[in-house]
Structure formats: structure tokens, C-alpha cells
>>> print(open('protein_32.cif').read())   # mmCIF, C-alpha atoms
data_model
loop_
_atom_site.label_atom_id
_atom_site.label_comp_id
_atom_site.auth_asym_id
_atom_site.auth_seq_id
_atom_site.Cartn_x
_atom_site.Cartn_y
_atom_site.Cartn_z
CA MET C 3 8.99 -15.56 -5.04
CA SER C 4 9.88 -12.23 -3.59
CA GLN C 5 13.60 -12.92 -3.29
CA SER C 6 14.20 -11.55 -6.77
CA TYR C 7 16.77 -8.77 -7.06
CA ASP C 8 15.69 -5.18 -6.74
CA ARG C 9 13.83 -4.15 -9.86
CA GLY C 10 13.42 -0.59 -8.70
CA LEU C 11 9.94 0.83 -8.74
CA VAL C 12 8.41 -2.20 -10.44
CA GLU C 13 7.60 -3.81 -7.14
CA ASP C 14 5.18 -3.03 -4.37
CA PHE C 15 4.56 0.37 -2.88
CA GLY C 16 6.58 2.21 -5.51
CA ARG C 17 3.64 1.43 -7.77
CA TRP C 18 1.13 3.26 -5.62
CA THR C 19 -0.04 5.40 -8.53
CA GLU C 20 -1.26 2.21 -10.19
CA PHE C 21 -3.19 0.84 -7.23
CA SER C 22 -6.84 0.07 -7.83
CA ALA C 23 -9.84 0.65 -5.57
CA GLY C 24 -9.58 -2.64 -3.69
CA MET C 25 -5.93 -2.04 -2.85
CA TRP C 26 -6.56 1.51 -1.62
CA ALA C 27 -9.47 0.25 0.49
CA TRP C 28 -7.13 -2.29 2.08
CA ILE C 29 -4.40 0.29 2.74
CA PHE C 30 -6.84 2.81 4.24
CA HIS C 31 -8.49 0.11 6.33
CA LYS C 32 -5.14 -0.99 7.77
CA PHE C 33 -4.07 2.62 8.37
CA THR C 34 -7.30 3.68 10.06
CA GLY C 35 -7.27 0.47 12.10
CA TRP C 36 -3.82 1.26 13.51
CA VAL C 37 -4.81 4.88 14.17
CA LEU C 38 -7.82 3.64 16.13
CA VAL C 39 -5.65 1.24 18.13
CA GLY C 40 -3.29 4.13 18.92
CA TYR C 41 -6.21 6.35 19.89
CA LEU C 42 -7.46 3.67 22.26
CA PHE C 43 -4.36 4.14 24.44
CA THR C 44 -4.70 7.94 24.64
CA HIS C 45 -8.42 7.48 25.26
CA ILE C 46 -7.73 5.19 28.23
CA ALA C 47 -5.01 7.55 29.49
CA VAL C 48 -7.38 10.53 29.44
CA LEU C 49 -10.23 8.59 31.08
CA SER C 50 -7.85 7.32 33.76
CA THR C 51 -7.38 10.85 35.09
CA ALA C 52 -10.84 10.39 36.62
CA MET C 53 -9.20 8.07 39.14
CA ALA C 54 -7.53 11.12 40.66
CA GLY C 55 -10.94 12.70 41.21
CA PRO C 56 -13.67 14.42 39.21
CA GLU C 57 -11.95 17.83 39.29
CA VAL C 58 -8.73 16.50 37.76
CA TYR C 59 -10.72 14.78 35.01
CA THR C 60 -12.71 17.92 34.22
CA SER C 61 -9.68 20.16 34.16
CA THR C 62 -7.79 17.67 31.95
CA LEU C 63 -10.60 17.58 29.43
CA GLN C 64 -11.04 21.35 29.52
CA GLY C 65 -7.32 21.81 29.06
CA LEU C 66 -7.30 19.46 26.06
CA GLU C 67 -10.38 21.00 24.48
CA ALA C 68 -8.84 24.45 24.79
CA LEU C 69 -6.07 23.40 22.39
CA LEU C 70 -6.91 24.09 18.76
CA VAL C 71 -4.80 21.16 17.57
CA VAL C 72 -6.91 18.77 19.68
CA ARG C 73 -10.06 20.07 17.98
CA PHE C 74 -8.55 19.32 14.59
CA LEU C 75 -7.32 15.91 15.77
CA GLU C 76 -10.88 15.15 16.82
CA VAL C 77 -12.12 15.87 13.30
CA GLY C 78 -9.38 13.56 12.02
CA LEU C 79 -10.39 10.88 14.51
CA LEU C 80 -13.98 11.07 13.32
CA ALA C 81 -12.85 10.75 9.71
CA VAL C 82 -10.74 7.71 10.57
CA ALA C 83 -13.48 6.06 12.61
CA VAL C 84 -16.25 6.69 10.08
CA PHE C 85 -14.18 5.34 7.19
CA HIS C 86 -13.22 2.29 9.21
CA ILE C 87 -16.87 1.60 10.04
CA LEU C 88 -18.16 2.09 6.50
CA ASN C 89 -15.36 0.09 4.91
CA GLY C 90 -15.91 -2.52 7.59
CA VAL C 91 -19.51 -2.87 6.44
CA ARG C 92 -18.22 -3.11 2.88
CA LEU C 93 -15.83 -5.90 3.92
CA LEU C 94 -18.67 -7.66 5.71
CA LEU C 95 -20.61 -7.69 2.44
CA VAL C 96 -17.51 -8.93 0.63
CA ASP C 97 -17.15 -11.74 3.16
CA LEU C 98 -20.78 -12.68 2.64
CA GLY C 99 -20.25 -12.70 -1.10
CA ILE C 100 -22.72 -9.88 -1.71
CA GLY C 101 -22.08 -7.43 -4.51
CA LEU C 102 -18.44 -8.29 -5.14
CA GLU C 103 -18.62 -6.93 -8.65
CA SER C 104 -19.37 -3.46 -7.28
CA GLN C 105 -16.74 -3.52 -4.53
CA ASP C 106 -14.93 -0.55 -6.08
CA ARG C 107 -18.09 1.55 -6.10
CA SER C 108 -18.85 0.70 -2.49
CA PHE C 109 -15.32 1.83 -1.62
CA TYR C 110 -15.85 5.17 -3.36
CA ALA C 111 -19.24 5.47 -1.67
CA SER C 112 -17.69 4.95 1.76
CA LEU C 113 -15.04 7.58 0.94
CA ILE C 114 -17.63 10.12 -0.16
CA LEU C 115 -19.90 9.41 2.80
CA THR C 116 -16.92 9.76 5.16
CA GLY C 117 -16.07 13.12 3.60
CA ALA C 118 -19.64 14.35 3.90
CA ILE C 119 -19.97 13.33 7.54
CA VAL C 120 -16.60 14.86 8.45
CA VAL C 121 -17.42 18.15 6.74
CA ALA C 122 -20.79 18.25 8.51
CA SER C 123 -19.07 17.66 11.86
CA VAL C 124 -16.58 20.51 11.55
CA PRO C 125 -18.85 23.23 13.03
CA THR C 126 -19.56 21.06 16.07
CA PHE C 127 -15.95 20.16 16.72
CA LEU C 128 -14.49 23.59 16.15
CA ALA C 129 -17.29 25.53 17.93
CA GLY C 130 -15.80 28.20 20.19
CA ALA C 131 -12.23 27.26 19.36
CA LEU C 132 -11.71 29.59 16.45
CA MET Y 23 17.37 -39.07 -45.98
CA SER Y 24 17.66 -36.50 -48.76
CA THR Y 25 18.85 -33.90 -46.29
CA GLY Y 26 21.47 -36.33 -45.08
CA ILE Y 27 22.89 -36.54 -48.58
CA THR Y 28 22.89 -32.88 -49.43
CA ARG Y 29 24.12 -31.57 -46.14
CA PRO Y 30 27.71 -32.91 -46.34
CA GLU Y 31 28.12 -31.15 -49.65
CA GLU Y 32 26.97 -27.89 -48.15
CA GLU Y 33 29.21 -28.36 -45.21
CA GLU Y 34 32.18 -29.06 -47.44
CA GLU Y 35 31.47 -25.95 -49.35
CA THR Y 36 31.22 -23.68 -46.35
CA GLU Y 37 34.20 -25.42 -44.81
CA SER Y 38 36.42 -24.75 -47.80
CA GLN Y 39 35.23 -21.15 -47.85
CA ALA Y 40 35.85 -20.90 -44.17
CA VAL Y 41 39.34 -22.32 -44.52
CA GLY Y 42 40.07 -19.76 -47.20
CA ALA Y 43 38.78 -16.98 -45.03
CA ALA Y 44 40.64 -18.27 -42.04
CA ARG Y 45 43.91 -18.50 -43.99
CA ALA Y 46 43.42 -14.94 -45.11
CA ALA Y 47 42.97 -13.96 -41.49
CA GLY Y 48 45.97 -16.06 -40.47
CA GLU Y 49 43.84 -18.16 -38.15
CA SER Y 50 42.36 -21.62 -38.60
CA ALA Y 51 40.62 -22.79 -35.42
CA TYR Y 52 37.81 -20.22 -35.35
CA GLY Y 53 37.43 -19.90 -39.10
CA GLN Y 54 34.04 -21.52 -39.26
CA ALA Y 55 32.57 -19.50 -36.42
CA ARG Y 56 33.95 -16.32 -37.86
CA MET Y 57 32.37 -17.05 -41.21
CA ASN Y 58 29.02 -17.65 -39.62
CA GLU Y 59 29.29 -14.51 -37.58
CA THR Y 60 29.84 -12.36 -40.62
CA GLU Y 61 26.88 -14.03 -42.25
CA ILE Y 62 24.80 -13.33 -39.19
CA ASP Y 63 25.98 -9.73 -39.14
CA ALA Y 64 24.99 -9.30 -42.76
CA ALA Y 65 21.58 -10.80 -42.12
CA ASN Y 66 21.13 -8.61 -39.06
CA GLU Y 67 22.02 -5.54 -41.05
CA ALA Y 68 19.58 -6.46 -43.77
CA SER Y 69 16.77 -7.01 -41.29
CA GLN Y 70 17.58 -3.76 -39.56
CA ARG Y 71 17.44 -1.99 -42.91
CA ARG Y 72 14.05 -3.57 -43.49
CA ALA Y 73 12.99 -2.47 -40.01
CA ARG Y 74 14.09 1.10 -40.65
CA ARG Y 75 12.15 1.16 -43.89
CA ALA Y 76 9.04 -0.28 -42.23
CA VAL Y 77 9.26 2.26 -39.42
CA GLU Y 78 9.66 5.11 -41.92
CA ASP Y 79 6.70 3.90 -43.96
CA ALA Y 80 4.40 3.45 -40.99
CA ASP Y 81 1.73 6.02 -40.14
CA HIS Y 82 2.14 5.37 -36.42
CA THR Y 83 4.97 3.87 -34.47
CA VAL Y 84 5.09 2.61 -30.92
CA GLU Y 85 8.12 2.84 -28.67
CA LEU Y 86 8.53 -0.41 -26.73
CA LYS Y 87 10.49 -0.06 -23.51
CA VAL Y 88 11.44 -3.63 -22.76
CA PHE Y 89 13.10 -4.93 -19.63
CA ARG Y 90 16.31 -6.76 -20.48
CA TYR Y 91 18.37 -9.02 -18.26
CA ASP Y 92 20.55 -12.03 -18.93
CA PRO Y 93 22.58 -13.42 -16.03
CA GLU Y 94 24.60 -15.64 -18.36
CA VAL Y 95 26.14 -12.81 -20.36
CA PRO Y 96 28.40 -10.52 -18.31
CA GLU Y 97 27.46 -7.43 -20.35
CA LYS Y 98 23.75 -8.09 -19.79
CA GLU Y 99 23.88 -9.03 -16.11
CA LYS Y 100 22.74 -5.59 -15.10
CA PRO Y 101 19.00 -5.12 -15.67
CA ARG Y 102 18.25 -2.39 -18.17
CA PHE Y 103 15.54 -1.16 -20.52
CA ASP Y 104 15.88 -1.40 -24.29
CA SER Y 105 13.89 0.75 -26.66
CA PHE Y 106 12.42 -0.63 -29.86
CA THR Y 107 10.47 1.44 -32.38
CA VAL Y 108 7.77 -0.72 -33.88
CA PRO Y 109 5.41 0.27 -36.72
CA PHE Y 110 1.84 0.17 -35.48
CA ALA Y 111 -0.81 -1.71 -37.39
CA LYS Y 112 -4.49 -1.85 -36.52
CA GLY Y 113 -5.22 -4.87 -34.37
CA MET Y 114 -1.65 -5.16 -33.16
CA THR Y 115 -1.27 -6.80 -29.77
CA VAL Y 116 1.57 -6.27 -27.34
CA LEU Y 117 2.82 -9.75 -28.24
CA ASP Y 118 2.77 -8.87 -31.95
CA ALA Y 119 4.83 -5.77 -31.22
CA LEU Y 120 7.31 -7.78 -29.15
CA MET Y 121 7.66 -10.38 -31.89
CA TRP Y 122 8.22 -7.67 -34.45
CA ALA Y 123 10.96 -6.18 -32.30
CA ARG Y 124 12.56 -9.58 -31.82
CA ASP Y 125 12.41 -10.46 -35.52
CA HIS Y 126 13.75 -7.12 -36.76
CA TYR Y 127 16.04 -5.73 -34.09
CA ASP Y 128 17.30 -8.23 -31.57
CA SER Y 129 16.81 -11.96 -31.92
CA SER Y 130 18.04 -12.46 -28.35
CA LEU Y 131 14.94 -10.71 -26.96
CA THR Y 132 13.36 -13.50 -24.94
CA PHE Y 133 9.72 -14.02 -23.97
CA ARG Y 134 7.33 -16.95 -23.74
CA HIS Y 135 4.49 -17.30 -26.19
CA SER Y 136 2.71 -20.11 -27.91
CA CYS Y 137 -0.92 -20.03 -28.99
CA ARG Y 138 -1.22 -16.23 -29.36
CA GLN Y 139 -4.93 -16.38 -28.55
CA ALA Y 140 -5.13 -16.25 -24.76
CA VAL Y 141 -5.45 -19.98 -24.27
CA CYS Y 142 -1.99 -21.28 -23.43
CA GLY Y 143 -1.24 -18.72 -20.72
CA SER Y 144 2.43 -18.33 -21.64
CA ASP Y 145 2.75 -14.61 -22.14
CA ALA Y 146 1.57 -12.97 -18.95
CA LEU Y 147 3.61 -9.76 -18.82
CA PHE Y 148 3.75 -6.59 -16.80
CA VAL Y 149 2.54 -4.10 -19.41
CA ASP Y 150 2.31 -0.44 -18.44
CA GLY Y 151 2.16 -1.28 -14.76
CA LYS Y 152 -0.42 -4.06 -14.92
CA GLN Y 153 -0.29 -7.83 -15.32
CA ARG Y 154 -1.77 -8.63 -18.72
CA LEU Y 155 -1.59 -11.26 -21.41
CA GLY Y 156 0.56 -9.90 -24.23
CA CYS Y 157 -1.57 -11.62 -26.86
CA LYS Y 158 -4.85 -10.33 -25.44
CA THR Y 159 -3.78 -6.73 -24.98
CA GLN Y 160 -4.36 -4.44 -27.92
CA VAL Y 161 -1.62 -1.84 -28.23
CA ALA Y 162 -4.28 0.72 -29.13
CA ASP Y 163 -6.08 0.04 -25.84
CA LEU Y 164 -3.07 1.18 -23.83
CA ALA Y 165 -3.72 4.82 -24.70
CA ASP Y 166 -6.88 6.80 -24.08
CA ASP Y 167 -6.94 8.00 -27.66
CA GLY Y 168 -5.34 6.24 -30.61
CA VAL Y 169 -1.85 4.79 -30.49
CA PRO Y 170 0.26 5.05 -27.35
CA GLY Y 171 3.64 6.67 -27.78
CA GLU Y 172 5.35 4.33 -25.41
CA VAL Y 173 4.59 0.90 -23.98
CA ARG Y 174 6.53 -0.38 -21.00
CA ILE Y 175 6.96 -4.14 -20.88
CA GLU Y 176 8.42 -5.90 -17.88
CA PRO Y 177 8.50 -9.46 -16.56
CA LEU Y 178 5.89 -10.39 -13.94
CA PRO Y 179 6.68 -8.80 -10.57
CA HIS Y 180 7.30 -10.97 -7.51
CA ALA Y 181 8.87 -13.69 -9.62
CA GLU Y 182 12.49 -14.56 -10.29
CA VAL Y 183 13.54 -13.37 -13.73
CA VAL Y 184 15.26 -16.05 -15.77
CA LYS Y 185 16.00 -13.89 -18.78
CA ASP Y 186 14.47 -10.72 -20.21
CA LEU Y 187 10.69 -11.23 -19.90
CA VAL Y 188 10.83 -14.87 -18.83
CA VAL Y 189 10.16 -15.57 -15.17
CA ASP Y 190 10.53 -18.75 -13.17
CA MET Y 191 7.04 -20.31 -12.88
CA GLU Y 192 8.12 -23.30 -10.79
CA HIS Y 193 6.76 -21.93 -7.51
CA PHE Y 194 3.44 -21.07 -9.13
CA TYR Y 195 3.11 -24.59 -10.54
CA ASP Y 196 4.01 -26.07 -7.14
CA GLN Y 197 1.18 -24.12 -5.53
CA MET Y 198 -1.21 -25.21 -8.28
CA GLU Y 199 -0.27 -28.86 -7.82
CA SER Y 200 -0.66 -28.67 -4.05
CA VAL Y 201 -4.45 -28.30 -4.30
CA GLU Y 202 -4.65 -31.47 -6.43
CA PRO Y 203 -6.15 -29.81 -9.50
CA TYR Y 204 -7.72 -32.90 -11.03
CA PHE Y 205 -10.99 -34.78 -10.76
CA GLN Y 206 -10.58 -37.67 -8.37
CA ASP Y 207 -13.90 -39.42 -7.93
CA GLU Y 208 -14.20 -42.53 -10.05
CA ASP Y 209 -17.61 -43.72 -8.91
CA THR Y 210 -20.32 -43.51 -11.50
CA PRO Y 211 -24.01 -43.40 -10.57
CA ASP Y 212 -25.99 -46.61 -11.09
CA GLY Y 213 -26.69 -47.48 -14.69
CA LEU Y 214 -24.43 -44.77 -16.12
CA ASN Y 215 -20.97 -44.86 -17.54
CA GLU Y 216 -20.37 -41.18 -16.97
CA GLN Y 217 -20.52 -38.63 -14.21
CA ARG Y 218 -23.20 -36.17 -15.15
CA GLN Y 219 -23.28 -32.64 -13.84
CA SER Y 220 -26.37 -30.57 -13.31
CA ARG Y 221 -26.69 -27.37 -15.31
CA GLU Y 222 -26.84 -25.30 -12.13
CA ASN Y 223 -23.64 -26.83 -10.80
CA ARG Y 224 -21.90 -26.31 -14.12
CA GLU Y 225 -22.90 -22.64 -14.02
CA LYS Y 226 -21.52 -22.37 -10.52
CA ILE Y 227 -18.05 -23.55 -11.46
CA LYS Y 228 -18.08 -22.26 -15.03
CA MET Y 229 -15.88 -19.22 -14.52
CA SER Y 230 -13.39 -21.10 -12.35
CA THR Y 231 -12.73 -23.62 -15.12
CA ARG Y 232 -11.40 -20.87 -17.37
CA CYS Y 233 -8.03 -20.59 -15.64
CA ILE Y 234 -5.10 -20.85 -18.07
CA TRP Y 235 -2.33 -20.95 -15.45
CA CYS Y 236 -0.73 -17.73 -16.66
CA GLY Y 237 0.25 -16.60 -13.17
CA ALA Y 238 -0.94 -12.99 -13.57
CA CYS Y 239 -3.05 -13.16 -10.40
CA MET Y 240 -0.23 -14.63 -8.32
CA SER Y 241 2.08 -11.86 -9.51
CA SER Y 242 -0.44 -9.15 -8.67
CA CYS Y 243 -1.14 -10.49 -5.19
CA ASN Y 244 0.44 -8.49 -2.42
CA ILE Y 245 0.02 -11.33 0.07
CA ALA Y 246 1.57 -13.96 -2.19
CA ALA Y 247 4.54 -11.63 -2.62
CA GLY Y 248 5.20 -11.59 1.09
CA ASP Y 249 4.22 -15.16 1.92
CA ASN Y 250 5.82 -17.83 -0.22
CA GLU Y 251 3.65 -20.55 1.28
CA TYR Y 252 0.38 -18.81 0.45
CA LEU Y 253 -1.47 -20.91 -2.11
CA GLY Y 254 -2.33 -17.87 -4.18
CA PRO Y 255 -5.48 -16.93 -6.08
CA ALA Y 256 -5.03 -19.35 -8.99
CA ALA Y 257 -4.55 -22.41 -6.79
CA ILE Y 258 -7.48 -21.49 -4.56
CA ASN Y 259 -9.59 -20.96 -7.66
CA LYS Y 260 -8.63 -24.46 -8.79
CA ALA Y 261 -9.58 -25.78 -5.35
CA TYR Y 262 -12.94 -24.00 -5.72
CA ARG Y 263 -13.49 -25.59 -9.12
CA PHE Y 264 -13.27 -29.08 -7.60
CA ALA Y 265 -14.61 -28.46 -4.10
CA MET Y 266 -17.80 -26.98 -5.57
CA ASP Y 267 -18.17 -29.75 -8.13
CA GLU Y 268 -21.06 -31.89 -6.89
CA ARG Y 269 -19.86 -34.96 -8.71
CA GLU Y 270 -17.05 -35.46 -6.24
CA GLY Y 271 -18.02 -37.31 -3.06
CA GLU Y 272 -18.35 -35.72 0.37
CA ASP Y 273 -15.11 -37.10 1.77
CA LEU Y 274 -13.19 -35.77 -1.22
CA THR Y 275 -14.74 -32.35 -0.80
CA GLU Y 276 -13.77 -32.41 2.84
CA HIS Y 277 -10.23 -33.40 1.88
CA ARG Y 278 -10.09 -30.40 -0.45
CA LEU Y 279 -11.41 -28.04 2.20
CA ASN Y 280 -8.77 -29.38 4.59
CA ILE Y 281 -6.09 -28.29 2.14
CA ILE Y 282 -7.39 -24.79 1.57
CA GLU Y 283 -8.23 -23.97 5.18
CA GLN Y 284 -4.60 -24.38 6.26
CA GLU Y 285 -2.73 -21.45 7.71
CA HIS Y 286 -1.45 -20.39 4.29
CA GLY Y 287 -4.68 -21.18 2.48
CA VAL Y 288 -7.78 -19.06 2.00
CA TRP Y 289 -7.37 -17.12 5.24
CA ARG Y 290 -4.31 -15.24 3.94
CA CYS Y 291 -6.54 -13.48 1.40
CA GLN Y 292 -7.17 -9.88 2.43
CA THR Y 293 -9.65 -9.10 -0.37
CA GLN Y 294 -7.54 -6.50 -2.13
CA PHE Y 295 -9.14 -7.58 -5.42
CA SER Y 296 -5.80 -7.27 -7.23
CA CYS Y 297 -6.13 -10.77 -8.72
CA THR Y 298 -9.67 -10.16 -9.91
CA GLU Y 299 -8.53 -6.90 -11.55
CA VAL Y 300 -5.77 -8.52 -13.59
CA CYS Y 301 -7.23 -11.92 -14.48
CA PRO Y 302 -7.19 -12.06 -18.31
CA LYS Y 303 -10.02 -14.59 -18.28
CA ASP Y 304 -12.23 -12.46 -16.03
CA ILE Y 305 -12.47 -15.09 -13.31
CA PRO Y 306 -14.02 -13.58 -10.14
CA LEU Y 307 -11.13 -14.90 -8.05
CA THR Y 308 -11.89 -12.98 -4.87
CA GLU Y 309 -15.49 -14.17 -5.00
CA HIS Y 310 -14.32 -17.78 -5.23
CA ILE Y 311 -11.84 -17.34 -2.38
CA GLN Y 312 -14.56 -15.79 -0.22
CA ALA Y 313 -16.94 -18.63 -1.05
CA LEU Y 314 -14.33 -21.16 0.07
CA LYS Y 315 -13.79 -19.18 3.29
CA ARG Y 316 -17.51 -19.55 4.00
CA GLU Y 317 -17.39 -23.26 3.21
CA ALA Y 318 -14.44 -23.66 5.57
CA VAL Y 319 -16.32 -21.87 8.35
CA LYS Y 320 -19.46 -23.94 7.74
CA LYS Y 321 -17.42 -27.12 7.92
CA ASN Y 322 -15.95 -26.21 11.30
CA LEU Y 323 -18.94 -24.50 12.93
CA LYS Y 324 -20.80 -27.01 15.05
CA PHE Y 325 -23.55 -25.98 17.45
CA TRP Y 326 -23.83 -29.30 19.20
#
>>> encode(input="protein_32.cif", output="C-alpha cells")
Amino acid sequence: MSQSYDRGLVEDFGRWTEFSAGMWAWIFHKFTGWVLVGYLFTHIAVLSTAMAGPEVYTSTLQGLEALLVVRFLEVGLLAVAVFHILNGVRLLLVDLGIGLESQDRSFYASLILTGAIVVASVPTFLAGAL
Amino acid sequence: MSTGITRPEEEEETESQAVGAARAAGESAYGQARMNETEIDAANEASQRRARRAVEDADHTVELKVFRYDPEVPEKEKPRFDSFTVPFAKGMTVLDALMWARDHYDSSLTFRHSCRQAVCGSDALFVDGKQRLGCKTQVADLADDGVPGEVRIEPLPHAEVVKDLVVDMEHFYDQMESVEPYFQDEDTPDGLNEQRQSRENREKIKMSTRCIWCGACMSSCNIAAGDNEYLGPAAINKAYRFAMDEREGEDLTEHRLNIIEQEHGVWRCQTQFSCTEVCPKDIPLTEHIQALKREAVKKNLKFW
């Protein structure tokens, strides 16, 4: 079905301006999922410095936390994780067949809630760095 | 046989005219065709004059941007968009506008349509970036206020274009057939000549029976676009309609679940809700797919 010739922006991601809530939820869920998988590796790498001794671990963490970009990345990580959790709950409800007619609203709700939590976390994450 | 008697006379007449015209042109072999072509040209011109007048008289006009493609004509091999100005009338559907354009501007403009009342499922089109039924889409609804200036009409995405707005539906029909979309149980309960359905069960499958095989959902589905073997929303909906029907026996229901729980069955669905958004009959397709997923799990989960 997809072997048709190139019809330009008719097909697929070129139509992103026309995507509906369910499609955006899917794209964000995939994206945040991959970000979390990627983070897992850096997370393990940082924790592994503890194998060289407690001092190395402490100095690694202090060195990372001293970087402003790391503070901002942490805010981003929280945003990604919170959205993935909330949309995951939404997908759980979808799988159980609960409230499918309001799936778009639950997507917007998870977006708004994510935004609120992230904004509220900014003072904590950026404390002392600015 | 009255037509059989009168026709030869007509043919003789046109033939003698054609011969005269052909002699004048110093050619005989293509005389007839040439005559007809000039007639066609004259008729075309007349209809275009009528079209111009209608467009001038109209309070509102709509600009149709229609996808054109014809692999059999070298000049039309390259996909392009044609513009048709159509006078707007209250209650005009996208299909009405297309038919007006075809009847007044270009009789080669090709699209499927039949019942014109959202029952036959022939005219699923990609209108302004969404899969819709041409006959069920009011032109006025395509703009936030009043009449839209421009309406973009394309063939269904993710399907091979045969010509203009006509796409190849063969694959879609194959997927529909593969779920065996017909009632199979022939046993009738004792003392009855018919298979009665409870009201509750009828309510359960009610929406799923509304499918008109238009293919809008299949075209909107991102997964079906990338996986040719995926059954697609319409076929799974058909499977739901029969798997949930209590009148079919248990072994038949199990047979149906076996079909839909294959690798390219229900589990390909990623709940993007695209199909549910575009379904012209408002079938909750994602809900039905999810219900079948649960049935498939229940069938395979055994705690003993």
C-alpha cells in the first residue's frame, strides 16, 4: 500500500500540522520513551563511578551538578519522565477500554500536568546554579 | 428494436457528412473521428460558457484544487493539481462540487461515487488533509465561517493511485476478506427457524455493523501504511462484529480470535486514534480493537 510514488507532502510526517491528539500522544510517547532509554545508559555510567570509590563518585556528581547545562537537562529529564508516566496511565486506561471517547482530553490533561510539575520543579533543580 | 432501425440512418447521415468533411480536409481514414472531435469541442465550449456564466452569477464560488494523474496519457503521467472554480450553493457537498467540475470543465476528471448518501462507501477522499466521504462533507463545513475559498481534494494516502482520485482498493478488500466477514453458524436453537439476538448483544455490536468499506480508516492508519500485512482497522472492526456476536458458537469465536491475534493482527495497533477520527460512520474503531486485544489475552491467559 505504501509503495505508491512520492506524492510530496500528502503522506506521513509532512502532514504534522494536521495530526490529532492521539497521534501527538503516540509521537511524544515514543520520543520520551527513547530519551528515557538513552538516559538509562548515562545513569548507569554515572552510578558506575562509585566502583572506583566513594570519593570519585562524589566528585563526579559534584562536577556534573556544577554545570548549568546539566541542571537544565535535569529539568528536561523530569519533563520527559513525567509525561511518559502520565501518558502511560492514559494508555493503560485506553487498553482497559475506559474513557476512550475522552482520550484527547486525557492527553491534553497529561500535557498540562507535565508542564505544571516541570515549572514547579525549576527552583529546586536550578537552586544555587544561577 | 426501434433503435436498431433508426441508428443506421443516423450513421449514414454522419458518415456522409464525415466523408464530405474528410474530402475537404484531403483525408479519409480519420474523417469520422475528426468530425466527432469537432462536435465534442463545440459541446465542451458550450458547457464551459455555461460554467463561466454560472460562476459569474454565483454569490460565492469555491476553488477546488484537485489532484490529477493518469498514467495512461503521457501528458498526464506527472501528478499535478488542477483548479476548478465552482459556484457554491447551500447544502453543497464536496462530491457535488466535484461532479459540477467534471460536468462543466473536464469530463476526464475521475472519481468513484454511487449512492451519494454515505452508504456505498465509494467516495472516500483526502479533503483538506483529512480522510472524508465526499458526499458526507459539506463544503461550508470546511471553513470556520461561511464558504471556504479553496478546497484541496486528493486521493486517499497510502494507496496506489489508479487515476486522478481513484485508488486501488484491492489490498483493502483482501484484508477485509481475510477476517471472514460473514456469519458462519448455521445452527438454530431448538424450536426456532431463526437465530435470535439479545438486545444487549445487538447494542454491543451495533456500531461495528455500520462499516461501509470506504477505506478511510485504513488510509489514515500510520501502522497500516508501514505494514502491508496489518489487517487494518476496518478488518479488525469486522472481526469484532462477528467475534462479539453471541449467536456464533464458541469454536467459531475462537477461530476468529485466532485470526486477529496473529502477528499482524490486533497487536500492531498503537492506539493513535487516527481511524476513529476519520471514520465517516463514527465507529469507535480503536475501542473495538482494544476490546479484541483483551479478548485475545483472556483466551490465552491460563492460571492452571
>>> resolve_selection(input="protein_32.cif", expression="the PyMOL selection byres ((chain Y) within 9 of (chain C))", output="number ranges by chain")
Y: 101, 151-152, 176, 179-183, 190, 193-194, 244, 246-250, 292-296, 299, 306, 308-310, 312-313, 315-316
>>> resolve_selection(input="protein_32.cif", expression="the PyMOL selection byres ((chain C and resi 63) around 12)", output="list in words")
His45, Ala47, Val48, Leu49, Ser50, Thr51, Ala52, Pro56, Glu57, Val58, Tyr59, Thr60, Ser61, Thr62, Gln64, Gly65, Leu66, Glu67, Ala68, Leu69, Val72 and Arg73 of chain C
>>> write_last_selection(input="protein_32.cif", atoms="C-alpha atoms", output="short mmCIF file (atom, residue, chain, number, x, y, z; two decimals), keeping the file's coordinate frame")
data_model
loop_
_atom_site.label_atom_id
_atom_site.label_comp_id
_atom_site.auth_asym_id
_atom_site.auth_seq_id
_atom_site.Cartn_x
_atom_site.Cartn_y
_atom_site.Cartn_z
CA HIS C 45 -8.42 7.48 25.26
CA ALA C 47 -5.01 7.55 29.49
CA VAL C 48 -7.38 10.53 29.44
CA LEU C 49 -10.23 8.59 31.08
CA SER C 50 -7.85 7.32 33.76
CA THR C 51 -7.38 10.85 35.09
CA ALA C 52 -10.84 10.39 36.62
CA PRO C 56 -13.67 14.42 39.21
CA GLU C 57 -11.95 17.83 39.29
CA VAL C 58 -8.73 16.50 37.76
CA TYR C 59 -10.72 14.78 35.01
CA THR C 60 -12.71 17.92 34.22
CA SER C 61 -9.68 20.16 34.16
CA THR C 62 -7.79 17.67 31.95
CA GLN C 64 -11.04 21.35 29.52
CA GLY C 65 -7.32 21.81 29.06
CA LEU C 66 -7.30 19.46 26.06
CA GLU C 67 -10.38 21.00 24.48
CA ALA C 68 -8.84 24.45 24.79
CA LEU C 69 -6.07 23.40 22.39
CA VAL C 72 -6.91 18.77 19.68
CA ARG C 73 -10.06 20.07 17.98
#
>>> resolve_selection(input="protein_32.cif", expression="the PyMOL selection byres ((chain Y and resi 231-236) around 8)", output="ChimeraX atom specification")
/Y:141-146,227-230,237-238,256,260,263,303,305
>>> residues_around(input="protein_32.cif", residues="Phe110 in chain Y", least_positions_apart="4", cutoff="7 Å", atoms="only C-alpha atoms", output="ChimeraX atom specification")
/Y:80,82-84,114
>>> atom_distance(input="protein_32.cif", atom1="CA of Ser123 in chain C", atom2="CA of Glu76 in chain C")
9.9 Å
>>> residues_near_point(input="protein_32.cif", point="(-3.0, -13.3, -9.3)", cutoff="8 Å", atoms="all atoms listed in the file", output="number ranges by chain")
Y: 237-243, 254-256, 296-298, 300-301
>>> residues_around(input="protein_32.cif", residues="Phe127 in chain C", least_positions_apart="2", cutoff="12 Å", atoms="all atoms listed in the file", output="compact mmCIF listing (two decimals) with C-alpha atoms, keeping the file's coordinate frame")
# COMPACT_ATOMS: atom_id res chain seq x y z
CA GLU C 67 -10.38 21.00 24.48
CA ALA C 68 -8.84 24.45 24.79
CA LEU C 69 -6.07 23.40 22.39
CA LEU C 70 -6.91 24.09 18.76
CA VAL C 71 -4.80 21.16 17.57
CA VAL C 72 -6.91 18.77 19.68
CA ARG C 73 -10.06 20.07 17.98
CA PHE C 74 -8.55 19.32 14.59
CA LEU C 75 -7.32 15.91 15.77
CA GLU C 76 -10.88 15.15 16.82
CA VAL C 77 -12.12 15.87 13.30
CA GLY C 78 -9.38 13.56 12.02
CA LEU C 79 -10.39 10.88 14.51
CA LEU C 80 -13.98 11.07 13.32
CA VAL C 120 -16.60 14.86 8.45
CA VAL C 121 -17.42 18.15 6.74
CA ALA C 122 -20.79 18.25 8.51
CA SER C 123 -19.07 17.66 11.86
CA VAL C 124 -16.58 20.51 11.55
CA PRO C 125 -18.85 23.23 13.03
CA ALA C 129 -17.29 25.53 17.93
CA GLY C 130 -15.80 28.20 20.19
CA ALA C 131 -12.23 27.26 19.36
CA LEU C 132 -11.71 29.59 16.45
>>> closest_residue(input="protein_32.cif", among="Y:Val116, Y:Cys157, Y:Val184, Y:Val201", to="His277 in chain Y", atoms="only C-alpha atoms")
Y:Val201
>>> atom_distance(input="protein_32.cif", atom1="CA of Glu317 in chain Y", atom2="CA of Glu276 in chain Y")
9.8 Å
